[in-house]
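This is input_3.cif. It holds mmCIF, C-alpha atoms.
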```cif
data_query
loop_
_atom_site.label_atom_id
_atom_site.label_comp_id
_atom_site.auth_asym_id
_atom_site.auth_seq_id
_atom_site.Cartn_x
_atom_site.Cartn_y
_atom_site.Cartn_z
CA MET A 1 4.34 -65.66 23.64
CA SER A 2 8.06 -64.94 23.18
CA ASN A 3 10.74 -65.45 25.82
CA GLU A 4 13.16 -63.04 24.15
CA ILE A 5 14.64 -60.26 26.24
CA ARG A 6 12.76 -56.99 25.80
CA THR A 7 14.84 -53.97 24.85
CA LEU A 8 14.90 -50.85 27.01
CA GLY A 9 12.97 -48.92 24.38
CA GLN A 10 10.34 -51.61 24.32
CA LYS A 11 10.03 -51.60 28.11
CA MET A 12 9.70 -47.79 28.09
CA PHE A 13 6.94 -47.73 25.52
CA ASP A 14 5.07 -50.55 27.17
CA ASN A 15 4.74 -48.41 30.30
CA ILE A 16 1.48 -46.54 29.87
CA TRP A 17 2.19 -44.23 32.81
CA PHE A 18 5.44 -43.15 31.20
CA LEU A 19 3.57 -42.52 27.94
CA LEU A 20 0.93 -40.51 29.82
CA ALA A 21 3.61 -38.37 31.48
CA VAL A 22 5.43 -37.76 28.18
CA GLY A 23 2.15 -37.01 26.43
CA ILE A 24 1.33 -34.31 28.97
CA LEU A 25 4.79 -32.92 29.67
CA VAL A 26 6.11 -32.56 26.10
CA PRO A 27 3.20 -30.51 24.69
CA GLY A 28 2.78 -28.84 28.09
CA ILE A 29 6.35 -27.52 28.00
CA PHE A 30 6.86 -26.91 24.29
CA TYR A 31 3.45 -25.47 23.48
CA PHE A 32 1.87 -24.16 26.64
CA ALA A 33 4.81 -23.05 28.82
CA TRP A 34 7.05 -21.79 26.00
CA GLY A 35 4.05 -20.24 24.27
CA MET A 36 2.93 -18.35 27.38
CA LEU A 37 6.52 -17.16 27.90
CA GLU A 38 6.63 -15.84 24.34
CA ILE A 39 3.29 -14.06 24.66
CA TYR A 40 4.15 -12.38 27.95
CA SER A 41 7.56 -11.29 26.70
CA VAL A 42 6.18 -9.37 23.69
CA PRO A 43 7.42 -5.78 24.19
CA PRO A 44 4.96 -2.85 24.25
CA LEU A 45 4.53 -0.83 21.07
CA SER A 46 4.59 2.50 22.94
CA ASP A 47 8.14 1.82 24.20
CA TYR A 48 9.32 0.93 20.70
CA LEU A 49 7.81 4.07 19.19
CA LYS A 50 9.36 6.27 21.90
CA GLN A 51 12.70 4.61 21.21
CA ILE A 52 12.62 5.44 17.50
CA GLY A 53 11.31 8.97 17.97
CA LEU A 54 7.69 8.45 16.96
CA SER A 55 6.14 9.24 20.34
CA ASP A 56 4.15 12.11 18.77
CA LEU A 57 1.90 9.47 17.19
CA LEU A 58 0.87 8.21 20.63
CA THR A 59 -1.07 11.28 21.75
CA GLY A 60 -4.42 12.62 20.56
CA GLY A 61 -5.52 10.99 17.34
CA LYS A 62 -9.24 10.49 17.76
CA MET B 63 -9.72 -54.71 29.46
CA ALA B 64 -6.28 -54.75 27.77
CA ILE B 65 -4.83 -51.46 28.96
CA PHE B 66 -1.68 -53.05 30.30
CA THR B 67 0.69 -54.72 27.84
CA PRO B 68 1.33 -58.41 28.42
CA LYS B 69 4.86 -58.85 29.77
CA ASN B 70 6.47 -61.07 27.16
CA TRP B 71 4.82 -60.15 23.92
CA TRP B 72 7.96 -58.69 22.25
CA LYS B 73 9.24 -60.24 19.02
CA PRO B 74 11.91 -58.64 16.77
CA LEU B 75 10.40 -56.50 14.02
CA HIS B 76 9.71 -58.02 10.66
CA ARG B 77 11.93 -56.56 7.89
CA GLY B 78 8.97 -54.85 6.20
CA GLU B 79 7.87 -53.25 9.45
CA LYS B 80 11.43 -52.04 10.18
CA ILE B 81 11.60 -50.34 6.77
CA TRP B 82 8.25 -48.71 7.41
CA VAL B 83 9.36 -47.39 10.82
CA TYR B 84 12.59 -45.95 9.35
CA VAL B 85 10.66 -44.28 6.50
CA ILE B 86 8.21 -42.73 8.98
CA ILE B 87 10.99 -41.43 11.24
CA GLY B 88 12.94 -40.10 8.25
CA TRP B 89 9.88 -38.33 6.82
CA GLY B 90 9.05 -36.89 10.25
CA ILE B 91 12.57 -35.44 10.50
CA ILE B 92 12.33 -33.99 6.98
CA MET B 93 8.98 -32.32 7.77
CA THR B 94 10.37 -30.91 11.04
CA VAL B 95 13.48 -29.50 9.34
CA MET B 96 11.30 -27.90 6.60
CA MET B 97 9.88 -25.49 9.20
CA PRO B 98 13.11 -23.64 10.12
CA LEU B 99 14.24 -23.88 6.47
CA GLY B 100 11.05 -22.17 5.41
CA HIS B 101 11.67 -19.52 8.03
CA PHE B 102 15.17 -18.74 6.78
CA TRP B 103 14.76 -19.32 3.04
CA GLY B 104 11.04 -18.82 2.51
CA GLN B 105 9.42 -15.80 0.92
CA ASN B 106 7.98 -14.37 4.11
CA VAL B 107 10.16 -11.58 5.45
CA SER B 108 11.05 -11.39 9.13
CA GLN B 109 8.68 -9.68 11.50
CA THR B 110 8.82 -8.39 15.05
CA THR B 111 5.77 -8.34 17.28
CA TYR B 112 4.71 -5.62 19.70
CA LYS B 113 1.62 -5.43 21.88
CA TYR B 114 -0.55 -2.45 22.65
CA LYS B 115 -3.27 -1.59 25.13
CA PHE B 116 -6.83 -0.43 25.05
CA ASN B 117 -7.24 3.01 26.57
CA PRO B 118 -10.53 2.96 28.53
CA GLU B 119 -10.53 6.75 29.04
CA LYS B 120 -10.44 7.43 25.33
CA GLY B 121 -12.44 4.34 24.39
CA ILE B 122 -9.88 3.56 21.73
CA ASN B 123 -6.87 1.31 21.50
CA GLU B 124 -3.31 2.59 21.12
CA PHE B 125 -2.90 1.37 17.57
CA GLU B 126 -6.01 3.22 16.47
CA THR B 127 -4.63 6.41 18.05
CA ILE B 128 -1.29 5.93 16.30
CA PHE B 129 -3.00 5.10 13.02
CA ASN B 130 -5.31 8.12 13.15
CA ASN B 131 -2.37 10.43 13.89
CA PHE B 132 -0.39 8.86 11.05
CA ILE B 133 -3.28 9.35 8.60
CA ASN B 134 -3.92 12.93 9.74
CA LYS B 135 -0.25 13.74 9.19
CA TYR B 136 0.62 11.93 5.98
CA ALA B 137 -2.53 11.00 4.03
CA GLU B 138 -3.03 12.86 0.77
CA LYS B 139 -5.46 15.76 1.09
CA GLU B 140 -8.01 16.96 -1.44
CA LEU B 141 -6.87 20.18 -3.07
CA VAL B 142 -8.89 22.79 -4.90
CA ASP B 143 -6.87 25.56 -6.56
CA GLY B 144 -3.83 24.42 -4.60
CA LYS B 145 -5.60 24.77 -1.26
CA VAL B 146 -6.60 21.98 1.10
CA VAL B 147 -10.36 21.43 1.28
CA ILE B 148 -11.64 21.73 4.85
CA VAL B 149 -14.81 19.91 5.86
CA GLU B 150 -16.17 20.33 9.41
CA GLY B 151 -12.88 21.76 10.57
CA LYS B 152 -10.78 18.89 9.24
CA PRO B 153 -8.86 18.56 5.97
CA LYS B 154 -10.71 16.40 3.47
CA LEU B 155 -8.66 13.33 2.56
CA LYS B 156 -8.20 12.01 -0.94
CA THR B 157 -9.71 8.56 -1.07
CA GLU B 158 -9.95 5.68 -3.51
CA GLY B 159 -12.64 3.12 -4.16
CA PRO B 160 -16.15 2.62 -2.78
CA SER B 161 -14.72 2.03 0.72
CA MET B 162 -13.09 5.49 0.56
CA ILE B 163 -9.65 4.42 1.61
CA PRO B 164 -7.11 7.20 2.22
CA ILE B 165 -3.84 7.23 0.29
CA VAL B 166 -0.39 7.74 1.78
CA ASP B 167 2.58 8.58 -0.39
CA ALA B 168 5.43 7.03 1.54
CA SER B 169 7.96 9.40 -0.02
CA ILE B 170 6.72 12.21 2.27
CA VAL B 171 7.01 10.13 5.44
CA PRO B 172 10.34 10.98 7.09
CA LYS B 173 12.75 8.34 8.36
CA SER B 174 12.71 7.62 12.07
CA SER B 175 15.82 7.59 14.24
CA ASP B 176 16.37 3.92 13.38
CA GLY B 177 16.83 4.85 9.71
CA TYR B 178 13.58 3.33 8.47
CA VAL B 179 10.36 4.81 7.14
CA HIS B 180 7.57 3.50 9.39
CA LEU B 181 4.15 2.99 7.84
CA PHE B 182 0.97 1.92 9.61
CA LEU B 183 -1.58 -0.37 8.00
CA ALA B 184 -4.89 -1.24 9.65
CA ALA B 185 -7.14 -4.15 8.82
CA GLN B 186 -10.79 -3.78 9.75
CA THR B 187 -14.05 -5.30 8.56
CA TYR B 188 -13.91 -5.14 5.61
CA ARG B 189 -11.04 -2.97 4.36
CA PHE B 190 -7.30 -2.44 4.49
CA SER B 191 -6.33 1.15 5.08
CA PRO B 192 -4.50 3.17 3.83
CA ILE B 193 -3.27 2.59 0.28
CA PHE B 194 0.47 3.10 0.20
CA LYS B 195 2.55 4.47 -2.66
CA LEU B 196 5.99 2.95 -2.19
CA GLU B 197 9.26 3.53 -4.00
CA ARG B 198 11.45 0.84 -5.52
CA GLY B 199 14.69 0.11 -3.73
CA LYS B 200 13.59 1.87 -0.53
CA GLU B 201 13.19 -0.08 2.70
CA TYR B 202 10.06 0.29 4.81
CA LYS B 203 8.85 -1.01 8.16
CA ILE B 204 5.15 -1.68 7.86
CA HIS B 205 3.13 -2.02 11.06
CA ILE B 206 0.15 -4.29 10.60
CA SER B 207 -2.69 -4.66 13.06
CA SER B 208 -6.45 -5.00 13.25
CA PHE B 209 -9.08 -2.79 14.79
CA ASP B 210 -11.59 -5.51 15.42
CA VAL B 211 -11.18 -9.22 14.62
CA GLN B 212 -8.42 -11.42 13.31
CA HIS B 213 -7.63 -10.72 9.66
CA GLY B 214 -5.12 -12.14 7.22
CA PHE B 215 -2.60 -10.08 5.30
CA SER B 216 -1.61 -11.71 2.03
CA LEU B 217 0.42 -9.64 -0.41
CA GLN B 218 -0.34 -10.85 -3.91
CA PRO B 219 1.02 -11.98 -6.27
CA LEU B 220 4.08 -12.47 -4.01
CA ASN B 221 2.13 -14.69 -1.60
CA ILE B 222 3.69 -13.08 1.45
CA ASN B 223 1.38 -13.98 4.34
CA TYR B 224 0.90 -12.63 7.84
CA GLN B 225 -1.88 -12.22 10.35
CA ALA B 226 -3.40 -8.97 11.58
CA LEU B 227 -4.40 -9.47 15.19
CA PRO B 228 -6.12 -6.96 17.45
CA GLY B 229 -3.85 -6.09 20.36
CA TYR B 230 -0.66 -6.98 18.47
CA ASP B 231 1.37 -4.99 15.99
CA PHE B 232 3.38 -7.01 13.48
CA VAL B 233 6.23 -5.02 12.00
CA ILE B 234 7.54 -6.33 8.70
CA THR B 235 10.61 -4.96 6.95
CA MET B 236 9.99 -4.72 3.23
CA LYS B 237 11.87 -3.38 0.23
CA PRO B 238 10.20 -3.26 -3.20
CA ARG B 239 12.77 -4.64 -5.60
CA SER B 240 14.37 -2.33 -8.14
CA ASP B 241 13.81 -4.94 -10.86
CA GLU B 242 10.14 -5.43 -9.96
CA LYS B 243 7.94 -4.68 -12.95
CA LEU B 244 4.57 -4.87 -11.23
CA LYS B 245 3.17 -1.53 -10.12
CA VAL B 246 0.09 -2.64 -8.21
CA PHE B 247 0.06 -5.24 -5.45
CA ASN B 248 -3.12 -6.48 -3.85
CA ILE B 249 -3.62 -7.29 -0.20
CA VAL B 250 -6.06 -10.13 0.32
CA CYS B 251 -7.60 -11.07 3.64
CA ASN B 252 -6.91 -14.78 3.94
CA GLU B 253 -8.36 -15.26 7.43
CA PHE B 254 -12.13 -15.53 7.52
CA CYS B 255 -13.41 -12.43 9.27
CA GLY B 256 -17.13 -12.28 8.57
CA SER B 257 -19.74 -13.65 6.22
CA SER B 258 -20.82 -10.37 4.66
CA GLY B 259 -17.56 -8.93 3.40
CA HIS B 260 -14.50 -11.13 3.91
CA HIS B 261 -14.49 -12.19 0.26
CA THR B 262 -14.42 -8.56 -0.89
CA MET B 263 -11.74 -7.43 1.56
CA ILE B 264 -8.94 -6.48 -0.80
CA GLY B 265 -6.41 -3.70 -0.27
CA LYS B 266 -3.79 -2.19 -2.54
CA MET B 267 -0.21 -1.07 -2.59
CA TYR B 268 1.33 0.92 -5.43
CA VAL B 269 5.02 0.72 -6.24
CA LYS B 270 6.44 3.52 -8.37
#
```

Translate this file's structure into structure tokens.
Amino acid sequence: MSNEIRTLGQKMFDNIWFLLAVGILVPGIFYFAWGMLEIYSVPPLSDYLKQIGLSDLLTGGK
Amino acid sequence: MAIFTPKNWWKPLHRGEKIWVYVIIGWGIIMTVMMPLGHFWGQNVSQTTYKYKFNPEKGINEFETIFNNFINKYAEKELVDGKVVIVEGKPKLKTEGPSMIPIVDASIVPKSSDGYVHLFLAAQTYRFSPIFKLERGKEYKIHISSFDVQHGFSLQPLNINYQALPGYDFVITMKPRSDEKLKVFNIVCNEFCGSSGHHTMIGKMYVK
């Protein structure tokens, strides 16, 4: 076993609870939270078509 | 059980291991940067996404309503002696192929207030509808969606790839190049959508 001083990075990555938190938080924020935000902020097609003057395509059409 | 790291195990990295770590980090950065580079300089054109609802009263979703109206308005009709053929009270559409896909000449579709010609393309098991006739040098906004399951939209031989998802309308802005010699482009479904017809699901686009 070595008596050398461990670097901060080494101490961080030896801490399994820190690794667990990072492993949950990073994908949780970047994939899940950001992803859900993106999906819920998709604008409705009907509003876009009304904006560009194509609202006549929205009625009837069966 | 060795879950917890022993306290004083650290030794400085061996030179070979250091090189390996730097190579891995460098390659990881290169791969990460390739993604936005591909977005800005890749062949795929930009797209905007919109969502639409299912109308329970009509039993149809909004995109299908829009698509049906678009086809009724702009699809080519069968003519006999210069008159439109009427079958069961509706004009008979000109179709192509065994799947009887209607044809839309984009030159008759007027520009919307945003200055673009908007075209609507639907993917469904197992066909792409309609067949568009586009003009070189003219810009179009093509709305792509699916009536049923997830389909792929792959414009060949350009290899421009998108997805057609039910509930979402992807609008791509496209301009057939003036120097483009090809007159027929195929649309291939590159997302498995069913065992009985996915491999035959091929659409077309003409460029005149």

Open item on the list: Taking 6 positions as the minimum chain separation for residues in the same chain, which residues sit within 12 Å of region 127-143 of chain B when counting all atoms listed in the file? Answer as a PyMOL selection string.
Closed with: (chain A and resi 45-46+49+54-62) or (chain B and resi 114-117+120-121+149+152-158+163-172+180-185+191-195+204-209+231)

Task: Among the residues B:Lys145, B:His213, B:Lys266, B:His260, the one that comes closest to Tyr230 (chain B) [using all atoms listed in the file] - done: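 Residue with the minimum atom-to-atom distance to Tyr230 (chain B): B:His213.
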
TODO: Record the distance separating CA of Asp241 (chain B) and CA of Leu196 (chain B), expressed in Å with one decimal.
DONE: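 Atom-to-atom, CA of Asp241 (chain B) and CA of Leu196 (chain B) are spaced 14.1 Å apart.
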
- [ ] Might you spell out which residues the PyMOL selection byres ((chain A and resi 43) around 7) would select in the displayed file, as a list in words?
- [x]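 Matching residues under the PyMOL selection byres ((chain A and resi 43) around 7) are Ser41, Val42, Pro44 and Leu45 of chain A; Tyr112 and Lys113 of chain B.
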
Task: Residue among B:Thr235, B:Asn70, B:Ser257, B:Thr110 lying closest to Tyr48 (chain A), counting all atoms listed in the file - done: B:Thr110

- [ ] Take CA of Lys200 (chain B) and CA of Pro238 (chain B) and report the distance between them in Å, one decimal.
- [x]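 That distance, rounded to one decimal, is 6.7 Å.
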
Task: All residues 9 Å or closer to region 9-23 of chain A, all atoms listed in the file, same chain fewer than 4 positions away omitted, as a list in words - done: Pro27 and Gly28 of chain A; Ile65, Phe66, Thr67, Pro68, Lys69 and Trp72 of chain B

Task: Nearest to Tyr202 (chain B) by atom-to-atom distance, counting all atoms listed in the file, from B:Tyr268, B:Phe190, B:Tyr178, B:Phe102 - done: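 Ranking B:Tyr268, B:Phe190, B:Tyr178, B:Phe102 by distance to Tyr202 (chain B), first place goes to B:Tyr178.
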
- [ ] Return the single residue from B:Phe247, B:Trp89, B:Phe232, B:Tyr188 that is closest to chain A, with distances computed using only C-alpha atoms.
- [x] B:Phe232

- [ ] Just give me the gap between CA of Asn223 (chain B) and CA of Leu99 (chain B) in Å, one decimal is fine.
- [x] 16.4 Å

Open item on the list: Could you check the closest approach to chain A for each of B:Gly214, B:Gly229, B:Gly256, B:Gly199 and tell me which residue wins, using only C-alpha atoms?
Closed with: B:Gly229

TODO: Find the residues around Tyr224 (chain B) up to 10 Å (all atoms listed in the file counted), leave out those fewer than 3 positions away in its own chain, and share them as a PyMOL selection string.
DONE: chain B and resi 106-107+109+206+213-217+221+227+232+234+251-253

Task: Best match for closeness to Leu244 (chain B) among B:Ala226, B:Val269, B:Ile264, B:Ile92, counting only C-alpha atoms - done: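 Among the listed residues, the smallest separation from Leu244 (chain B) belongs to B:Val269.
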
If you take every atom of region 42-55 of chain A that the file lists and fit an axis-aligned box around them with 5 Å extra on each side, what centre and edge lengths come out in Å to one decimal, as AutoDock Vina command-line options?
```
--center_x 8.6 --center_y -0.1 --center_z 20.6 --size_x 18.2 --size_y 28.6 --size_z 17.3
```
